[in-house]
Amino acid sequence: MLPRDRKGGSQARPYRFLLLIPLVFLALFFFYPLLTIFSISLAPEGQLDLSAFATVITSYYYRDTLGFTIVQAVLSTVLTLGLALPGAYIFARYDFPGKVLLSSLSTLAFVLPTVVVAAAFSALIGPRGVINDALTAVFDLQSPPIQLERTLAIILIVHVFYNYAVALRIIGGFWATQSPRMEEAARVLGAHGWRLWWHIRLPILRPAILAAAVLVFIFTFTSFGVILILGGPRFATLEVEIFRQATSLFNLPVAAALSLVQIILMFALMLVYTRLQRQPATELQGRVARRPRNMREWMMVIANVILMVILLFAPLLALVLRSFMSEDGLTTQFYRLLSTNPRGSVLFVPPIQAITNSFLFALVTTLIAVLLGSMAAYLLARRESRFARWLDPVFMLPLATSAVTLGFGYIITLDEPPLNLRASPLLIPIAHTLVAMPFVVRSVLPALRAIAPGIQESASVLGASSWQVWRLIDLPLISRGLIVGATFAFTVSMGEFGASSFIARPDTPTMPLVIYRLLGQPGATNYGQAMAMSVLLMAVCAVSFILIERLRSAGIGEF
Amino acid sequence: MLTVRDVTRAFDGKPVLRGIDLEVERGEIICLLGPSGCGKTTLLRIIAGLEQTDSGDVLVEGRSILNTPVHQRDFGFMFQDFALFPHIDVEKNVAFGLKMRGESGVQERVRDVLELVGLSGFERRDVTRLSGGERQRVALARSLAPNPRLLMLDEPLGSLDASLRERLALDLRAIIKQVALTAIYVTHDQQEAFAIADRIAVMNAGLIEQIGVPEAIYNQPRSIFVARFFGLNNIVPVVQRYAGQVETVLGPFEVTGAADTILLHPLGIQLADPELPDAIRGEIIERTFLGDAYRLEMRHHTGITLAFRVSARESRIPKVGESAGVMVSPDMVIPLVDGEN
């Protein structure tokens, strides 16, 4: 990478103040709601009053919630890393048929919306899932034999499903750059079995394992949709508790205090993560992956591939199957029913309406996020190093903030003057933009930084105006980054659940919200419709994902 | 001490070793020399146990070690990239093998070995902050510390500056000899091989083409491949064979054995009066000053070129474009087999 502190293109350009727009956006729609949460939790009546905070800190109930949040996150992290470590090993060291496909598809899991994943696992092992259906039919049982719904087990399984690819990519990617000679040297010197893992492999992988662990911990700590849909009322993470306190109990000071606790914890973890990422990269060796050469190596590869297929694809397959299955056999009725409104309730529009809503929201989100995100990328790429270094994490902050907290912040700040947006259709795209913008920045910034310092000047010297320089030089060079960022923004918006669950108006639900509502209703038809809607949402995400993967293989984006 | 018997190995159906036989004596430094892709590193890794054989056997003291896992073979191995463990300091790197074997007196041994390689006082240093030469010596110390039965070195100077290499090769030899180790050394650099080896095995395309002491191999290459590998390119095809003599376009030469090709070794070529009846005549097409000598290249009218050296103290050295004559010492006419695969 080029040194950050070059002042390439720092020549006077018109409209430079435009670059400040993303900062204004962040201040209005991120910092303002967050600060309001702070003030409500610490001073609900306008005066410093720590009672809500004290309740949260001292109450056994909230302490248990925090305890459960931590315990499930730790268990999820340990399980994920334990399963992904052997997978990372075979990905780093061996070439085998289908490897590239498997690696791409494993990442697909990560971009799928929580509601889709929850629906998929419900379709696989839920009481109405394909496995239970089959077992009930084959053994003529009265009730489904696998009872995982509303247990910790299913929460953990889904968390592993979600984060397996994260751990696999981070650890496997790091591992592939480490010379296999170190292991061989240790073996010649007498190390073997667990000592090889303990003395050599794990210490060498330590930075990657820690980074992956922190990231998986962050993701599972703030888990929302999975717990809400699959865990039932017995389980609540902080995130779910914030949601319940704010929407069902209207206990805003407690919700705000919980948000504050979570924000502090998340920022601390994000700091740890960015520090780990700054670890010096070791020298990159050439490609070391090779074909397995003996029985043992093939067994290891095959065992991992089977695990990945079962863990990652069985649920998605079950989802598709289940969406076409009724008690009378194969059917497309659930898809057809999406355009009707069976309950006729004023608050409940035909599900198909949600598809239109989601697409419109996603398009607007993409537009705003790409505009603001690329402005932010310019700001980060052009300014002097210290300013950019300070600003860079600021643009990443929304990623570390829970979507529920954000949504909560919106309903307490944006429904009164000076910013009354409660009724505005823009509210959802604005919230989605905050989550999506970091992806745009991370996609465009590397492309911008890679523009050699001299070429814009060369174009100017050759007679191009600054507008022409941008259109003829910058734009073609960052276009792929822009497309990747736009696709990310679109996908994020389509699947966003946490913030939307707070701020979406009842008459304009999004696809994830409708899936959530349908899953919560009794009846085979509602369930089937939830499956059908999930399949549609999954298809949209899969298409976006393929696009991203194709463009990214050309080396775009830093993640 | 070590016997390699008819070892073969193929990767993805492509043969890499095609029947290797090798005998290494106790206390000997043997060098596997050859171009990249000749199979020398694979052979080394098979001996170490890091690679499997398809057929053949590897024996130590007459007993097969093929079923002995790597970590029980009691060998030392130095890798080209040194493969130092980046997460532990110099002392812990060197102590690693001793710890794995559960030996006592680790600290003293580490101190002794570091002294041997000239790194006393480096115990607490971070291995990632050492220079290339220092890392090479830590790697050597690490492989020497457990006192292995056999030391294997895979291009241990390959990643260092050329200027350092010859000096370090001599140091390496001195240290290995001092502790009386048996060693197998892999390299593609002939100068390095000459500096370090007791015997050299020249490998090509999965076979050992020739094995012997460095002088014998350089002075009497057996095949066209070996001659070319050492830069001996005065290769002349035989037109007609007689008993003890061959006829070529450059004239008749006396050789023992039947050969399709002969090498006129540069060491046996001297400038001579072109008018002499036995002289080979031609035109000088290249003249390179090397400091203590000139390297001359002469083209015969048939197109065959002969390269040779002339001492820089020689009174009259022909210039490019001049015609000249040379004589060839009969003992430096070497029959070559067509060993090029």
# chains A, B, ... in the order shown; residues from 1 in each chain; ligands from 1
$ closest_atom_pairs --of "chain A" --to "chain B" --cutoff "10 Å" --atoms "only C-alpha atoms" --output "CSV"
residue,atom,partner,partner_atom,distance
A:Gln178,CA,B:Ala83,CA,9.8
A:Ser179,CA,B:Ala83,CA,7.3
A:Pro180,CA,B:Ala83,CA,8.3
A:Arg181,CA,B:Ala83,CA,5.5
A:Met182,CA,B:Ala83,CA,4.6
A:Glu183,CA,B:Ala83,CA,8.2
A:Glu184,CA,B:Leu50,CA,7.1
A:Ala185,CA,B:Ala83,CA,6.6
A:Ala186,CA,B:Gly97,CA,7.6
A:Arg187,CA,B:His71,CA,5.0
A:Val188,CA,B:His71,CA,5.1
A:Leu189,CA,B:Gly97,CA,4.5
A:Gly190,CA,B:His71,CA,3.9
A:Ala191,CA,B:Met100,CA,5.9
A:His192,CA,B:His71,CA,6.4
A:Gly193,CA,B:His71,CA,9.9
A:Arg195,CA,B:Met100,CA,8.4
A:Leu196,CA,B:Met100,CA,10.0
A:His199,CA,B:Phe96,CA,9.3
A:Ile200,CA,B:Phe85,CA,7.5
A:Pro203,CA,B:His87,CA,6.6
A:Ile204,CA,B:His87,CA,6.5
A:Leu205,CA,B:His87,CA,9.8
A:Arg206,CA,B:His87,CA,9.4
A:Thr282,CA,B:Pro86,CA,9.2
A:Gln285,CA,B:Asp81,CA,9.7
A:Arg291,CA,B:Asp12,CA,8.3
A:Arg293,CA,B:Phe11,CA,8.3
A:Asn294,CA,B:Gln52,CA,8.8
$ residues_around --residues "Ala183 in chain B" --least-positions-apart "4" --cutoff "10 Å" --atoms "only C-alpha atoms" --output "list in words"
Val24, Glu25, Arg26, Gly27, Glu28, Ile29, Ile30, Cys31, Phe75, Gly76, Phe77, Pro148, Arg149, Leu150, Leu151, Met152, Leu153, Arg173, Ile176, Lys177, Ala197 and Asp198 of chain B
$ residues_around --residues "Leu59 in chain B" --least-positions-apart "3" --cutoff "9 Å" --atoms "only C-alpha atoms" --output "list of chain:residue names"
B:Met1, B:Leu2, B:Thr3, B:Val4, B:Arg5, B:Gly62, B:Arg63, B:Ser64, B:Ile65, B:Leu66
$ write_last_selection --atoms "N, CA and C atoms" --output "short mmCIF file (atom, residue, chain, number, x, y, z; two decimals), in the first residue's frame"
data_model
loop_
_atom_site.label_atom_id
_atom_site.label_comp_id
_atom_site.auth_asym_id
_atom_site.auth_seq_id
_atom_site.Cartn_x
_atom_site.Cartn_y
_atom_site.Cartn_z
N MET B 1 26.65 -45.13 6.77
CA MET B 1 25.77 -44.75 7.87
C MET B 1 24.32 -44.63 7.38
N LEU B 2 24.15 -43.93 6.24
CA LEU B 2 22.82 -43.79 5.64
C LEU B 2 22.82 -44.43 4.25
N THR B 3 21.79 -45.23 3.98
CA THR B 3 21.69 -45.84 2.68
C THR B 3 20.32 -45.51 2.09
N VAL B 4 20.34 -44.99 0.85
CA VAL B 4 19.09 -44.76 0.14
C VAL B 4 19.06 -45.78 -0.98
N ARG B 5 17.98 -46.57 -1.03
CA ARG B 5 17.97 -47.68 -1.98
C ARG B 5 16.79 -47.56 -2.93
N GLY B 62 21.91 -49.75 8.49
CA GLY B 62 21.37 -51.01 7.99
C GLY B 62 19.93 -51.28 8.35
N ARG B 63 19.29 -50.35 9.12
CA ARG B 63 17.90 -50.61 9.49
C ARG B 63 16.98 -49.58 8.82
N SER B 64 15.87 -50.05 8.29
CA SER B 64 14.96 -49.15 7.58
C SER B 64 14.33 -48.16 8.55
N ILE B 65 14.25 -46.91 8.15
CA ILE B 65 13.63 -45.91 9.01
C ILE B 65 12.32 -45.40 8.42
N LEU B 66 11.85 -46.04 7.35
CA LEU B 66 10.65 -45.51 6.68
C LEU B 66 9.45 -45.47 7.60
#
$ residues_around --residues "Leu267 in chain B" --least-positions-apart "5" --cutoff "10 Å" --atoms "only C-alpha atoms" --output "mmCIF file with N, CA and C atoms, in the first residue's frame"
data_model
loop_
_atom_site.group_PDB
_atom_site.id
_atom_site.type_symbol
_atom_site.label_atom_id
_atom_site.label_comp_id
_atom_site.auth_asym_id
_atom_site.auth_seq_id
_atom_site.Cartn_x
_atom_site.Cartn_y
_atom_site.Cartn_z
ATOM 1 N N ASN B 219 36.598 -32.247 -13.101
ATOM 2 C CA ASN B 219 37.599 -32.556 -14.117
ATOM 3 C C ASN B 219 37.143 -33.638 -15.077
ATOM 4 N N LEU B 232 30.898 -26.300 -18.632
ATOM 5 C CA LEU B 232 31.902 -26.844 -19.549
ATOM 6 C C LEU B 232 31.201 -27.135 -20.868
ATOM 7 N N ALA B 307 35.773 -22.604 -25.447
ATOM 8 C CA ALA B 307 36.073 -21.566 -24.465
ATOM 9 C C ALA B 307 37.208 -22.060 -23.586
ATOM 10 N N PHE B 308 38.060 -21.176 -23.180
ATOM 11 C CA PHE B 308 39.185 -21.562 -22.308
ATOM 12 C C PHE B 308 39.750 -20.310 -21.675
ATOM 13 N N ARG B 309 40.631 -20.534 -20.697
ATOM 14 C CA ARG B 309 41.231 -19.399 -20.008
ATOM 15 C C ARG B 309 42.711 -19.301 -20.304
ATOM 16 N N VAL B 310 43.174 -18.079 -20.275
ATOM 17 C CA VAL B 310 44.594 -17.825 -20.471
ATOM 18 C C VAL B 310 45.055 -16.931 -19.340
ATOM 19 N N VAL B 328 45.151 -29.231 -27.365
ATOM 20 C CA VAL B 328 44.382 -29.866 -26.300
ATOM 21 C C VAL B 328 45.209 -30.982 -25.693
ATOM 22 N N SER B 329 45.381 -30.958 -24.338
ATOM 23 C CA SER B 329 46.101 -32.043 -23.675
ATOM 24 C C SER B 329 45.296 -33.320 -23.801
ATOM 25 N N MET B 332 42.894 -34.439 -21.118
ATOM 26 C CA MET B 332 41.741 -33.591 -20.841
ATOM 27 C C MET B 332 40.676 -33.715 -21.942
#
$ select_by_dssp --residues "range 322-451 of chain A" --states "strand (DSSP E or B)" --output "list in words"
Met325, Ser326, Gly329, Leu330, Asp415, Glu416, Leu419 and Asn420 of chain A
$ residues_around --residues "Arg299 in chain B" --least-positions-apart "5" --cutoff "12 Å" --atoms "only C-alpha atoms" --output "MDAnalysis selection string"
chainID B and resid 234 250 280:286 304:308 320:326
$ residues_around --residues "range 58-75 of chain A" --least-positions-apart "3" --cutoff "10 Å" --atoms "only C-alpha atoms" --output "mmCIF file with C-alpha atoms, in the first residue's frame"
data_model
loop_
_atom_site.group_PDB
_atom_site.id
_atom_site.type_symbol
_atom_site.label_atom_id
_atom_site.label_comp_id
_atom_site.auth_asym_id
_atom_site.auth_seq_id
_atom_site.Cartn_x
_atom_site.Cartn_y
_atom_site.Cartn_z
ATOM 1 C CA ALA A 52 -31.808 3.707 36.239
ATOM 2 C CA PHE A 53 -28.168 2.996 35.887
ATOM 3 C CA ALA A 54 -27.980 1.750 39.462
ATOM 4 C CA THR A 55 -30.977 -0.520 38.866
ATOM 5 C CA VAL A 78 -15.193 -21.294 21.606
ATOM 6 C CA LEU A 79 -17.378 -23.624 19.546
ATOM 7 C CA THR A 80 -16.914 -21.596 16.376
ATOM 8 C CA LEU A 81 -13.141 -21.420 16.726
ATOM 9 C CA LEU A 152 -29.405 -22.757 24.231
ATOM 10 C CA ALA A 153 -28.220 -25.487 21.855
ATOM 11 C CA ILE A 155 -28.775 -20.572 19.591
ATOM 12 C CA LEU A 156 -25.220 -21.854 19.689
ATOM 13 C CA HIS A 159 -24.137 -18.695 15.977
ATOM 14 C CA VAL A 160 -21.594 -21.222 14.757
ATOM 15 C CA ALA A 213 -12.313 -14.574 18.659
ATOM 16 C CA VAL A 214 -12.918 -10.894 19.388
ATOM 17 C CA VAL A 216 -17.061 -13.558 16.784
ATOM 18 C CA PHE A 217 -17.551 -12.464 20.384
ATOM 19 C CA ILE A 218 -18.729 -9.027 19.246
ATOM 20 C CA PHE A 219 -21.146 -10.538 16.748
ATOM 21 C CA THR A 220 -22.617 -13.059 19.154
ATOM 22 C CA PHE A 221 -22.675 -10.672 22.106
ATOM 23 C CA THR A 222 -24.994 -8.373 20.163
ATOM 24 C CA SER A 223 -27.017 -11.240 18.744
ATOM 25 C CA PHE A 235 -33.459 -16.163 26.668
ATOM 26 C CA ALA A 236 -32.443 -12.556 26.385
ATOM 27 C CA THR A 237 -29.173 -10.939 25.480
ATOM 28 C CA LEU A 238 -28.639 -7.280 26.363
ATOM 29 C CA GLU A 239 -29.708 -6.457 22.842
ATOM 30 C CA VAL A 240 -33.002 -8.325 23.193
ATOM 31 C CA GLU A 241 -33.559 -6.837 26.646
ATOM 32 C CA VAL A 254 -33.511 1.270 31.752
ATOM 33 C CA LEU A 258 -28.560 -1.066 29.092
ATOM 34 C CA VAL A 261 -23.482 -0.615 29.124
ATOM 35 C CA GLN A 262 -23.470 -2.350 25.786
#
$ atom_distance --atom1 "CA of Ile211 in chain B" --atom2 "CA of Pro330 in chain B"
23.7 Å
